[in-house]
Structures are given as C-alpha cells and as structure tokens.
>>> print(open('run18.txt').read())   # compact mmCIF, C-alpha atoms
# COMPACT_ATOMS: atom_id res chain seq x y z
CA MET A 1 -24.29 86.15 -14.27
CA ALA A 2 -24.67 82.67 -15.79
CA ASN A 3 -28.09 82.03 -14.25
CA LEU A 4 -29.50 85.47 -14.97
CA PRO A 5 -31.62 86.37 -17.99
CA VAL A 6 -29.15 88.96 -19.20
CA GLU A 7 -26.60 89.40 -21.95
CA VAL A 8 -23.24 90.60 -20.63
CA ILE A 9 -21.04 92.74 -22.86
CA ALA A 10 -17.56 93.60 -21.56
CA PHE A 11 -15.18 96.20 -22.97
CA ALA A 12 -11.41 96.43 -22.82
CA SER A 13 -11.35 100.15 -23.42
CA ALA A 14 -13.39 103.26 -22.67
CA ALA A 15 -13.41 104.13 -26.38
CA ASP A 16 -14.93 100.74 -27.32
CA ALA A 17 -17.57 101.10 -24.62
CA MET A 18 -18.44 104.65 -25.66
CA SER A 19 -18.73 103.52 -29.28
CA LEU A 20 -21.49 101.03 -28.44
CA LEU A 21 -23.11 103.33 -25.89
CA ALA A 22 -23.44 106.06 -28.52
CA THR A 23 -26.49 104.27 -29.84
CA ARG A 24 -27.54 101.82 -27.17
CA GLN A 25 -28.82 102.12 -23.62
CA PRO A 26 -28.07 99.03 -21.52
CA ALA A 27 -30.42 97.79 -18.80
CA LEU A 28 -27.53 98.20 -16.37
CA LEU A 29 -23.97 99.48 -16.70
CA PHE A 30 -21.21 98.36 -14.32
CA LEU A 31 -18.43 100.94 -14.38
CA ASP A 32 -14.93 100.77 -12.85
CA ILE A 33 -12.95 103.90 -11.92
CA ILE A 34 -9.34 102.97 -12.71
CA MET A 35 -9.48 102.00 -16.38
CA PRO A 36 -7.10 102.19 -19.33
CA GLU A 37 -7.26 105.46 -21.34
CA LYS A 38 -9.90 107.17 -19.24
CA ASP A 39 -10.90 107.13 -15.57
CA GLY A 40 -14.41 105.99 -14.76
CA LEU A 41 -15.50 109.24 -13.07
CA THR A 42 -14.70 111.20 -16.24
CA PHE A 43 -16.39 108.49 -18.30
CA LEU A 44 -19.46 108.82 -16.06
CA GLN A 45 -19.63 112.60 -16.55
CA GLU A 46 -19.30 112.24 -20.32
CA LEU A 47 -21.99 109.59 -20.38
CA ARG A 48 -24.41 111.71 -18.37
CA ALA A 49 -23.86 114.59 -20.81
CA SER A 50 -25.46 112.44 -23.51
CA ALA A 51 -29.24 112.69 -23.81
CA LEU A 52 -29.43 108.92 -24.27
CA HIS A 53 -27.83 108.25 -20.88
CA GLN A 54 -29.51 110.76 -18.57
CA ASP A 55 -31.32 107.85 -16.91
CA THR A 56 -29.06 104.90 -17.68
CA VAL A 57 -28.74 102.77 -14.56
CA ILE A 58 -25.08 102.73 -13.52
CA VAL A 59 -23.40 100.81 -10.71
CA ILE A 60 -19.81 101.69 -9.84
CA LEU A 61 -17.69 98.59 -9.23
CA SER A 62 -14.17 99.55 -8.22
CA SER A 63 -11.25 98.81 -5.93
CA LYS A 64 -11.18 102.56 -5.23
CA ASP A 65 -13.36 103.28 -2.23
CA TYR A 66 -12.83 106.91 -1.23
CA ALA A 67 -15.57 109.16 0.17
CA GLN A 68 -14.98 111.82 -2.49
CA ASP A 69 -15.22 109.27 -5.29
CA ARG A 70 -18.52 108.10 -3.82
CA GLN A 71 -19.74 111.71 -3.67
CA THR A 72 -18.74 112.39 -7.28
CA ALA A 73 -20.47 109.21 -8.40
CA ALA A 74 -23.58 110.04 -6.35
CA SER A 75 -23.73 113.54 -7.81
CA HIS A 76 -24.06 111.90 -11.24
CA GLY A 77 -26.90 109.70 -10.11
CA VAL A 78 -25.38 106.24 -9.87
CA ALA A 79 -27.65 103.54 -8.47
CA ALA A 80 -24.96 102.05 -6.23
CA PHE A 81 -21.26 102.14 -5.43
CA LEU A 82 -19.87 98.65 -4.82
CA PRO A 83 -16.27 98.54 -3.60
CA LYS A 84 -14.33 95.45 -4.65
CA PRO A 85 -14.14 92.71 -3.59
CA VAL A 86 -17.75 91.95 -4.44
CA SER A 87 -19.22 88.47 -4.07
CA SER A 88 -20.99 86.80 -6.98
CA GLU A 89 -24.17 86.94 -4.90
CA ALA A 90 -23.84 90.71 -4.42
CA LEU A 91 -23.37 91.09 -8.17
CA ARG A 92 -26.45 88.97 -8.82
CA GLN A 93 -28.43 91.08 -6.35
CA ALA A 94 -27.28 94.26 -8.07
CA VAL A 95 -28.53 92.96 -11.41
CA MET A 96 -31.85 91.87 -9.90
CA ASN A 97 -32.31 95.15 -7.99
CA PHE A 98 -31.15 97.66 -10.54
CA ALA A 99 -31.36 96.25 -14.07
CA GLN A 100 -34.37 97.54 -15.92
CA LEU A 101 -35.31 94.21 -17.42
CA PRO A 102 -37.95 94.18 -20.15
CA ALA A 103 -41.19 92.35 -19.57
CA ASP A 104 -39.97 89.21 -21.38
CA GLY A 105 -37.18 88.91 -18.80
CA THR A 106 -34.22 89.38 -21.13
CA ALA A 107 -31.87 92.30 -21.65
CA MET B 1 20.47 112.81 -28.08
CA SER B 2 20.06 115.22 -25.19
CA VAL B 3 20.96 114.02 -21.72
CA LEU B 4 17.90 113.24 -19.63
CA SER B 5 18.03 114.51 -16.07
CA VAL B 6 15.76 114.61 -13.04
CA ARG B 7 15.95 117.18 -10.25
CA PHE B 8 13.95 117.01 -7.04
CA TRP B 9 12.64 120.40 -5.89
CA GLY B 10 10.09 119.08 -3.40
CA VAL B 11 9.77 115.57 -1.97
CA ARG B 12 7.27 115.87 0.91
CA GLY B 13 3.69 114.70 0.92
CA SER B 14 0.66 116.35 2.52
CA HIS B 15 2.24 119.60 3.71
CA ALA B 16 5.57 121.34 3.87
CA SER B 17 7.81 120.48 6.82
CA PRO B 18 10.54 123.14 7.17
CA LEU B 19 11.91 121.67 10.39
CA SER B 20 15.60 121.36 11.21
CA THR B 21 15.07 117.64 11.87
CA HIS B 22 13.67 117.14 8.34
CA LEU B 23 15.91 119.20 6.10
CA GLY B 24 18.39 116.43 5.30
CA VAL B 25 15.59 115.02 3.16
CA GLY B 26 13.82 118.31 2.50
CA GLY B 27 10.72 120.18 3.54
CA ASN B 28 9.08 121.31 0.28
CA THR B 29 6.10 119.50 -1.21
CA SER B 30 5.97 117.65 -4.52
CA CYS B 31 7.80 119.15 -7.47
CA VAL B 32 10.17 117.27 -9.79
CA GLU B 33 11.93 118.58 -12.89
CA ILE B 34 12.55 116.30 -15.87
CA ARG B 35 14.82 117.86 -18.48
CA ALA B 36 16.10 116.79 -21.89
CA GLY B 37 18.31 119.52 -23.33
CA ASN B 38 16.17 122.64 -23.40
CA THR B 39 12.91 120.75 -22.97
CA LEU B 40 11.63 121.06 -19.43
CA VAL B 41 8.74 119.19 -17.87
CA VAL B 42 7.82 119.79 -14.25
CA CYS B 43 5.81 117.21 -12.35
CA ASP B 44 3.49 118.91 -9.86
CA GLY B 45 3.49 122.42 -8.41
CA GLY B 46 3.93 121.98 -4.67
CA THR B 47 6.05 124.42 -2.67
CA GLY B 48 9.12 123.05 -4.49
CA LEU B 49 7.88 124.94 -7.56
CA ILE B 50 8.76 128.25 -5.85
CA PRO B 51 12.56 127.77 -5.73
CA LEU B 52 12.38 126.16 -9.20
CA GLY B 53 10.78 129.36 -10.51
CA GLU B 54 13.42 131.52 -8.86
CA ASN B 55 16.16 129.35 -10.33
CA LEU B 56 14.68 129.73 -13.82
CA LEU B 57 15.00 133.51 -13.52
CA LYS B 58 18.79 133.13 -13.31
CA GLN B 59 19.06 131.93 -16.90
CA ASP B 60 17.81 133.15 -20.26
CA GLU B 61 18.13 130.11 -22.53
CA LEU B 62 14.78 128.63 -21.63
CA ARG B 63 11.45 130.44 -21.57
CA GLU B 64 9.05 127.55 -21.95
CA LEU B 65 7.98 124.59 -19.85
CA LEU B 66 5.15 122.13 -19.28
CA VAL B 67 3.78 121.43 -15.80
CA LEU B 68 2.05 118.07 -15.35
CA PHE B 69 -0.26 118.00 -12.34
CA THR B 70 -1.06 114.59 -10.90
CA HIS B 71 -4.12 116.08 -9.18
CA TYR B 72 -5.20 119.27 -7.44
CA HIS B 73 -4.70 118.54 -3.75
CA TRP B 74 -3.01 121.51 -2.08
CA ASP B 75 0.40 119.95 -1.62
CA HIS B 76 0.60 119.61 -5.43
CA ILE B 77 -0.59 123.07 -6.50
CA CYS B 78 0.21 125.51 -3.69
CA GLY B 79 3.52 126.61 -5.23
CA LEU B 80 1.79 127.83 -8.38
CA PRO B 81 0.56 131.19 -6.98
CA PHE B 82 4.21 131.98 -6.13
CA PHE B 83 5.72 130.75 -9.41
CA VAL B 84 7.30 133.96 -10.65
CA PRO B 85 7.66 133.05 -14.38
CA ALA B 86 3.85 132.97 -14.63
CA PHE B 87 3.76 136.68 -13.76
CA LEU B 88 6.35 137.66 -16.37
CA PRO B 89 5.91 138.33 -20.09
CA LYS B 90 7.88 136.30 -22.63
CA TRP B 91 7.35 133.06 -20.75
CA ASN B 92 5.34 130.24 -22.38
CA LEU B 93 3.80 127.89 -19.84
CA LYS B 94 1.72 124.82 -20.59
CA PHE B 95 -0.36 123.15 -17.89
CA PHE B 96 -1.92 119.70 -17.91
CA GLY B 97 -3.70 117.53 -15.37
CA PRO B 98 -6.92 115.63 -14.73
CA GLY B 99 -10.02 117.14 -16.30
CA GLN B 100 -12.47 116.51 -19.11
CA THR B 101 -11.36 119.62 -21.00
CA ALA B 102 -8.62 122.25 -20.99
CA ALA B 103 -11.19 124.67 -19.52
CA GLU B 104 -11.76 122.31 -16.58
CA ILE B 105 -8.00 122.09 -15.94
CA GLU B 106 -7.85 125.90 -15.98
CA ARG B 107 -10.77 126.12 -13.56
CA HIS B 108 -9.14 123.70 -11.10
CA LEU B 109 -5.82 125.56 -11.13
CA SER B 110 -7.35 129.04 -11.02
CA ASN B 111 -9.72 128.47 -8.15
CA GLN B 112 -6.98 128.60 -5.51
CA MET B 113 -6.09 132.14 -6.68
CA LYS B 114 -9.37 133.81 -5.80
CA ALA B 115 -10.55 136.01 -2.93
CA PRO B 116 -10.46 135.47 -0.04
CA TYR B 117 -7.72 132.87 -0.48
CA PHE B 118 -5.20 134.86 -2.53
CA PRO B 119 -4.69 138.57 -3.29
CA VAL B 120 -4.38 138.34 -7.08
CA GLU B 121 -6.10 136.11 -9.64
CA THR B 122 -4.64 134.28 -12.62
CA GLU B 123 -5.72 137.23 -14.79
CA THR B 124 -2.59 138.95 -13.45
CA TRP B 125 -0.37 136.31 -15.05
CA MET B 126 1.52 137.93 -17.92
CA ALA B 127 3.05 134.74 -19.31
CA ASN B 128 1.48 133.03 -22.29
CA ILE B 129 -0.46 130.25 -20.56
CA GLN B 130 -1.89 127.27 -22.40
CA TYR B 131 -3.96 124.53 -20.83
CA LEU B 132 -3.65 121.28 -22.79
CA GLU B 133 -6.66 119.25 -23.86
CA PRO B 134 -6.86 115.65 -22.60
CA SER B 135 -5.31 113.15 -24.99
CA PRO B 136 -5.83 109.53 -23.90
CA ALA B 137 -3.16 108.37 -26.36
CA GLY B 138 -0.64 110.59 -24.54
CA LEU B 139 1.15 113.89 -25.08
CA THR B 140 4.20 114.80 -27.12
CA TYR B 141 6.37 117.63 -25.81
CA GLY B 142 9.61 118.25 -27.68
CA PRO B 143 11.47 114.93 -27.66
CA MET B 144 9.34 113.65 -24.78
CA GLN B 145 6.52 111.14 -25.11
CA ILE B 146 4.24 111.39 -22.09
CA ARG B 147 1.68 108.77 -21.10
CA TYR B 148 -0.66 109.11 -18.17
CA GLN B 149 -2.84 106.73 -16.22
CA SER B 150 -5.32 106.91 -13.34
CA VAL B 151 -3.92 105.70 -10.05
CA HIS B 152 -5.33 104.75 -6.65
CA HIS B 153 -5.90 108.03 -4.76
CA PRO B 154 -9.03 110.00 -3.85
CA GLY B 155 -10.54 111.82 -6.84
CA VAL B 156 -9.04 111.59 -10.30
CA THR B 157 -5.27 111.34 -9.97
CA TYR B 158 -2.73 110.59 -12.69
CA GLY B 159 0.66 108.95 -12.81
CA TYR B 160 2.97 110.02 -15.66
CA ARG B 161 5.50 108.12 -17.75
CA VAL B 162 7.93 110.38 -19.59
CA SER B 163 10.06 108.69 -22.28
CA VAL B 164 12.93 110.16 -24.27
CA GLY B 165 15.29 108.25 -26.56
CA GLY B 166 14.71 104.85 -24.99
CA LYS B 167 14.90 106.12 -21.39
CA SER B 168 11.88 106.49 -19.17
CA VAL B 169 11.03 108.26 -15.93
CA VAL B 170 7.78 107.34 -14.17
CA TYR B 171 6.30 109.75 -11.65
CA VAL B 172 3.55 108.43 -9.37
CA SER B 173 3.45 110.77 -6.40
CA ASP B 174 0.23 109.59 -4.75
CA ASN B 175 -0.87 105.99 -5.11
CA GLU B 176 -2.08 103.31 -2.72
CA VAL B 177 -0.45 100.14 -4.05
CA ASP B 178 -2.21 96.79 -3.66
CA TYR B 179 -5.31 98.17 -1.96
CA LEU B 180 -7.52 95.49 -3.50
CA HIS B 181 -5.22 92.69 -2.34
CA SER B 182 -5.46 93.92 1.24
CA SER B 183 -9.24 94.45 0.96
CA ILE B 184 -9.64 90.83 -0.11
CA ALA B 185 -7.37 89.64 2.72
CA GLN B 186 -9.35 91.66 5.29
CA ARG B 187 -12.71 90.29 4.15
CA ALA B 188 -11.67 86.76 3.14
CA GLY B 189 -14.03 85.15 5.66
CA GLU B 190 -17.09 86.64 3.95
CA PHE B 191 -16.60 84.84 0.64
CA SER B 192 -16.92 81.34 -0.79
CA ALA B 193 -13.83 79.54 -2.07
CA GLU B 194 -15.08 80.03 -5.63
CA ASP B 195 -15.54 83.78 -5.09
CA GLN B 196 -12.13 84.05 -3.43
CA SER B 197 -10.51 82.41 -6.43
CA ALA B 198 -12.29 84.80 -8.81
CA MET B 199 -11.32 87.78 -6.65
CA ALA B 200 -7.67 86.70 -6.59
CA ASP B 201 -7.76 86.60 -10.41
CA ILE B 202 -9.27 90.10 -10.56
CA ALA B 203 -6.73 91.48 -8.10
CA GLN B 204 -3.90 89.90 -10.09
CA GLU B 205 -5.27 91.35 -13.32
CA GLU B 206 -5.50 94.85 -11.81
CA ARG B 207 -1.99 94.57 -10.39
CA ALA B 208 -0.65 93.46 -13.78
CA ALA B 209 -2.18 96.56 -15.39
CA ASP B 210 -0.57 98.77 -12.71
CA LEU B 211 2.79 97.03 -13.16
CA ASP B 212 2.64 97.48 -16.94
CA PHE B 213 2.59 101.25 -16.52
CA ILE B 214 5.86 101.31 -14.56
CA ARG B 215 7.49 98.21 -16.08
CA GLY B 216 11.15 98.53 -16.93
CA ALA B 217 11.32 102.22 -15.98
CA ASP B 218 14.85 103.57 -15.65
CA VAL B 219 13.60 105.77 -12.82
CA LEU B 220 10.45 105.31 -10.75
CA ILE B 221 9.51 108.13 -8.39
CA HIS B 222 6.77 106.68 -6.20
CA ASP B 223 4.70 107.37 -3.11
CA ALA B 224 6.24 105.68 -0.06
CA GLN B 225 4.62 107.81 2.62
CA TYR B 226 3.75 105.29 5.30
CA THR B 227 5.47 102.84 7.61
CA PRO B 228 3.55 99.63 8.46
CA ASP B 229 2.39 101.29 11.72
CA ASP B 230 1.18 104.38 9.83
CA TYR B 231 -0.63 102.17 7.35
CA ILE B 232 -2.65 100.44 10.06
CA LEU B 233 -4.13 103.84 10.94
CA LYS B 234 -4.26 105.32 7.45
CA ARG B 235 -5.19 102.49 5.10
CA GLY B 236 -7.61 103.92 2.56
CA TRP B 237 -6.06 107.43 2.61
CA GLY B 238 -4.56 106.94 -0.85
CA HIS B 239 -0.88 106.46 0.01
CA SER B 240 1.44 103.47 0.05
CA CYS B 241 3.36 101.70 2.75
CA TYR B 242 6.98 101.79 1.56
CA ILE B 243 7.20 97.97 1.76
CA ASP B 244 4.45 97.65 -0.86
CA THR B 245 6.17 100.29 -3.02
CA VAL B 246 9.49 98.42 -2.93
CA ASN B 247 7.86 95.10 -3.83
CA PHE B 248 5.86 96.81 -6.58
CA ALA B 249 9.05 98.24 -8.11
CA ILE B 250 10.86 94.89 -7.87
CA ASP B 251 7.97 93.09 -9.57
CA ALA B 252 7.94 95.64 -12.41
CA GLY B 253 11.65 95.32 -13.16
CA VAL B 254 12.32 98.98 -12.39
CA LYS B 255 16.01 99.97 -12.43
CA VAL B 256 16.08 102.72 -9.78
CA LEU B 257 13.33 103.50 -7.28
CA TYR B 258 13.16 106.89 -5.56
CA LEU B 259 11.05 106.72 -2.41
CA PHE B 260 8.95 109.89 -2.55
CA HIS B 261 6.11 111.89 -0.97
CA HIS B 262 7.64 111.49 2.47
CA ASP B 263 5.33 111.88 5.42
CA PRO B 264 5.82 115.29 7.07
CA ALA B 265 5.83 113.56 10.46
CA HIS B 266 8.94 111.56 9.48
CA ASP B 267 12.25 113.16 10.33
CA ASP B 268 15.57 112.38 8.63
CA ALA B 269 16.33 109.52 11.04
CA ARG B 270 12.97 107.84 10.43
CA ILE B 271 13.39 108.09 6.68
CA ALA B 272 16.90 106.62 6.95
CA GLU B 273 15.33 103.63 8.74
CA ILE B 274 12.79 103.28 5.93
CA HIS B 275 15.65 103.26 3.43
CA ARG B 276 17.63 100.64 5.38
CA HIS B 277 14.65 98.33 5.55
CA SER B 278 13.89 98.87 1.86
CA LEU B 279 17.45 97.77 0.98
CA GLN B 280 17.01 94.73 3.22
CA ILE B 281 13.81 93.73 1.39
CA ILE B 282 15.56 94.12 -1.96
CA SER B 283 18.47 92.00 -0.76
CA GLU B 284 16.19 89.28 0.63
CA ARG B 285 14.36 89.11 -2.69
CA ARG B 286 17.71 88.97 -4.53
CA SER B 287 16.60 91.81 -6.75
CA SER B 288 18.87 94.14 -8.74
CA LEU B 289 16.60 97.11 -7.94
CA GLU B 290 18.47 100.21 -6.77
CA CYS B 291 16.57 102.19 -4.16
CA THR B 292 17.24 105.72 -2.99
CA ILE B 293 15.50 108.28 -0.86
CA ALA B 294 14.30 111.21 -2.98
CA ARG B 295 15.97 114.25 -1.39
CA GLU B 296 15.40 117.89 -2.17
CA GLY B 297 18.14 119.24 -4.46
CA MET B 298 19.18 115.79 -5.74
CA VAL B 299 20.00 115.67 -9.45
CA VAL B 300 19.96 112.39 -11.37
CA THR B 301 21.38 112.04 -14.88
CA LEU B 302 20.26 109.11 -17.03
>>> encode(input="run18.txt", output="structure tokens")
Amino acid sequence: MANLPVEVIAFASAADAMSLLATRQPALLFLDIIMPEKDGLTFLQELRASALHQDTVIVILSSKDYAQDRQTAASHGVAAFLPKPVSSEALRQAVMNFAQLPADGTA
Amino acid sequence: MSVLSVRFWGVRGSHASPLSTHLGVGGNTSCVEIRAGNTLVVCDGGTGLIPLGENLLKQDELRELLVLFTHYHWDHICGLPFFVPAFLPKWNLKFFGPGQTAAEIERHLSNQMKAPYFPVETETWMANIQYLEPSPAGLTYGPMQIRYQSVHHPGVTYGYRVSVGGKSVVYVSDNEVDYLHSSIAQRAGEFSAEDQSAMADIAQEERAADLDFIRGADVLIHDAQYTPDDYILKRGWGHSCYIDTVNFAIDAGVKVLYLFHHDPAHDDARIAEIHRHSLQIISERRSSLECTIAREGMVVTL
C-alpha cells in the first residue's frame, strides 16, 4: 500500500475495529473471516445492520475459501472475495478498483 | 477438585457408519461428554447424543447440562431430535453454538425439527431450554471456563477449549489445518520472491494464532478425517489430513491427541493404519505427544 494515496489502519481485535467504525466509514474495508473474538462473517452482518455501513465497500481477504462463505459474504454485498494468498499487486488493484477515494486522492 | 473426565459417544464424521467393519472404532457421529463432578458439558449433538440421553435417564443425580455445538451441519445436530431429556420436564438444558444472538442459535437448532423433516417441533420439548447469548470473552459453566474460536471449515464453525482446575480439554471436530500453507505452496509460481516472503510471514502468523488456541492442552480432540490420498481429492472440504493434525498437535505441545471425526469410509483396519503412521511421525519427530484413536465408549480421566 506504500505507493497508494491511502491511510491504512489495522486492528488486532474485532472490538477495536467496531469501536472506530461506530463513527467512521472507511473508503474500503478489508475483512478476514477467522479472527480473534469474532468471526468475520458475523462481523460483516453486524456491520451491515448499522445505518452508517449499509454501503461501506468491503473486500473479504481470508484463507477460508468455501463456496458457502462466499455466498454469505455476497448476500451482504461485499465488493470482492479474495482468497489468500493474495499478491501485493492484487491488493493494489483492489484498492484502486474498489476504494471510494475522495477527489483530492487521499482517504 | 472434581475429577475431569471425557467420554466419547460418537466419533465419526459426515454420517453414521453402523457397519460391522467399523464398530471397533464406532459408528455414531460427533458427540463428546466432558464432566467435572456433576457439571456436564456435551460437545456436539450427532447421533452419539442419542445413547448419551438414554444413559442420563438411568440416573437421577444430574438434571442439567450444556451442549456446545461447533456448527450446524447434520452430523453434529441430528441426534438432538432424539435426545429424550429434552422431552421431559425437570431437565434444564443449555445450548450454545455459532450465531449472532441466542435467538439465532435457537433458529438454527429448531429448523431441523419442522415439517416435513420431523414429526414434532421443539415446542414439544418439556425441558427448560435456554439458548446462551454469544460471549466473545468466553463462557463460565460451573467450574468450567469455556473459550471458543472460529476454525477453518465451511460456514461459521467453532472450536472449544474447556478448562477446569488447571486442566484443559480442546475439542476441534472439524478443521482444515494448514490450508493457507498448502494454498501458497500450490500457487508459489504466481508470486514474486518478495510476495512469497510476505505470504510465508502471514501463514506463520495465522498458524501461530491457531496453535495458541490448543497450546499445552492436556487433551486435544481433533479432526483427522483424511488420509493423504483422500486429501488430494478433498482438499478444501474443511477437514484435515491426519498427518497435518499430528504435526499441529506436536507443535502446540499438546499432551494427548485423540484422532477424531473419522471418515465413514474408513473401516477399523484403515484407522489402525492411520494410528500406526501417526505414532511413527511422533517417534521420528522425537516428540512426547501421546496419540490415540478416539473410539466410541472410551472414557478418559484427567
């Protein structure tokens, strides 16, 4: 992400992420499925239940790659489902394709 | 301190296999009892839950238990409609499993007992039933501390770590160990050296998190459904090759590993071969891990 005009914020826990997301909509959210405390599919459903995140752009990035997980993610309107391993170029492309960057090019 | 014990009521994966060639290991699907004194936790409600329920009717000291469901695939819930204590008054049953709310857990468990799939619905249950709300920090049940974590299997699936008085039993019935490592190996040619290095770090980090959950367990009950030949055909189905399970347990410093969720296509002789090879791997790695086949009816006291 070093050469992209974006700020990257990473979280070690679902609770920390949800705390920031309570008031802020990111340009793009990468979400794993197997996470400490809370699985990503549950996190996704909780996020979509919030008015602030009805349209938040979410890309699933996970070592889990099962058809039913893809279907669950798709039913909650994710922009893409990227199974790990993912190249740095594929990550860059995801940011360029999906991040809703403001007109000044930063997010 | 109460003695902690484990009893295997069902050890098969996928579907029951009541075949004469399989009964040395057992034909019922996943159900394991963990008991500390009069506190009873049951992991999963496969067909093994049916004889467990009948056994409970033979005593009158205990009228309460907690069932922890790893997930809601049939082989883990299909004993529940035939679990007699649920249909009797004076029983207190608590149920927990994946779900955003207690109501969602109830919905998942109740849906299999509806027309046209079953003649009576959960409304006919006369026991006092309580569905527990999710608690990411874990559950407390009597003297038991219970942690749970998502594992690698289709849909949301939990593994459980039950601790009592310094002893711990970890139950991970369905889990595909090291899937990311093998995904990276399969696709190595697609990536730059720099990307491969970063991916190796990510895979190592994910493995470390998985190992932390089972680390130092006195007993690990873990998915070991596939042989290497099975795994070639069924990689990505959410189950482990037993070789990966054994190495996983060694790396986590587990004391005793119970190979579990046996493939219904594997007869007693095939499972004995799996056990022999597992012991060979442990010996070659000079590990102190003890490894046993989980067999129906086996009781382990910690």
>>> closest_residue(input="run18.txt", among="B:Ile232, B:Leu279, B:Ala203, B:Ala127", to="chain A", atoms="all atoms listed in the file")
B:Ala203
>>> residues_around(input="run18.txt", residues="Ala90 in chain A", least_positions_apart="2", cutoff="12 Å", atoms="only C-alpha atoms", output="PyMOL selection string")
(chain A and resi 1+59+61+80-88+92-98) or (chain B and resi 190-191+195)
>>> residues_around(input="run18.txt", residues="Ala12 in chain A", least_positions_apart="4", cutoff="12 Å", atoms="all atoms listed in the file", output="ChimeraX atom specification")
/A:16-18,31-32,35-38 /B:209
>>> closest_atom_pairs(input="run18.txt", of="chain B", to="chain A", cutoff="8 Å", atoms="all atoms listed in the file", output="tab-separated table")
residue	atom	partner	partner_atom	distance
B:Gly99	CA	A:Thr42	CA	7.6
B:Gln100	CA	A:Thr42	CA	6.4
B:Pro136	CA	A:Glu37	CA	5.0
B:Ala137	CA	A:Glu37	CA	7.1
B:Gln149	CA	A:Glu37	CA	6.9
B:Ser150	CA	A:Ile34	CA	5.7
B:Val151	CA	A:Ile34	CA	6.6
B:His152	CA	A:Lys64	CA	6.4
B:His153	CA	A:Lys64	CA	7.6
B:Pro154	CA	A:Tyr66	CA	5.6
B:Gly155	CA	A:Asp69	CA	5.6
B:Val156	CA	A:Asp39	CA	7.2
B:Tyr179	CA	A:Ser63	CA	7.2
B:Leu180	CA	A:Ser63	CA	5.6
B:Ser183	CA	A:Pro85	CA	6.9
B:Ile184	CA	A:Pro85	CA	6.0
B:Phe191	CA	A:Ser87	CA	6.5
B:Asp195	CA	A:Ser87	CA	6.0
B:Met199	CA	A:Pro85	CA	6.5
B:Gly236	CA	A:Tyr66	CA	7.1
B:Trp237	CA	A:Tyr66	CA	7.8
>>> residues_around(input="run18.txt", residues="Leu289 in chain B", least_positions_apart="4", cutoff="8 Å", atoms="all atoms listed in the file", output="VMD selection string")
chain B and resid 249 to 250 253 to 257 282
>>> residues_near_point(input="run18.txt", point="(-31.9, 96.4, -14.6)", cutoff="12 Å", atoms="only C-alpha atoms", output="MDAnalysis selection string")
chainID A and resid 4:7 25:30 55:59 79 91:103 105:107
>>> atom_distance(input="run18.txt", atom1="CA of Gln225 in chain B", atom2="CA of Asp174 in chain B")
8.8 Å
>>> residues_around(input="run18.txt", residues="Phe8 in chain B", least_positions_apart="5", cutoff="7 Å", atoms="only C-alpha atoms", output="list in words")
Cys31, Val32, Glu33, Arg295, Glu296, Gly297, Met298 and Val299 of chain B
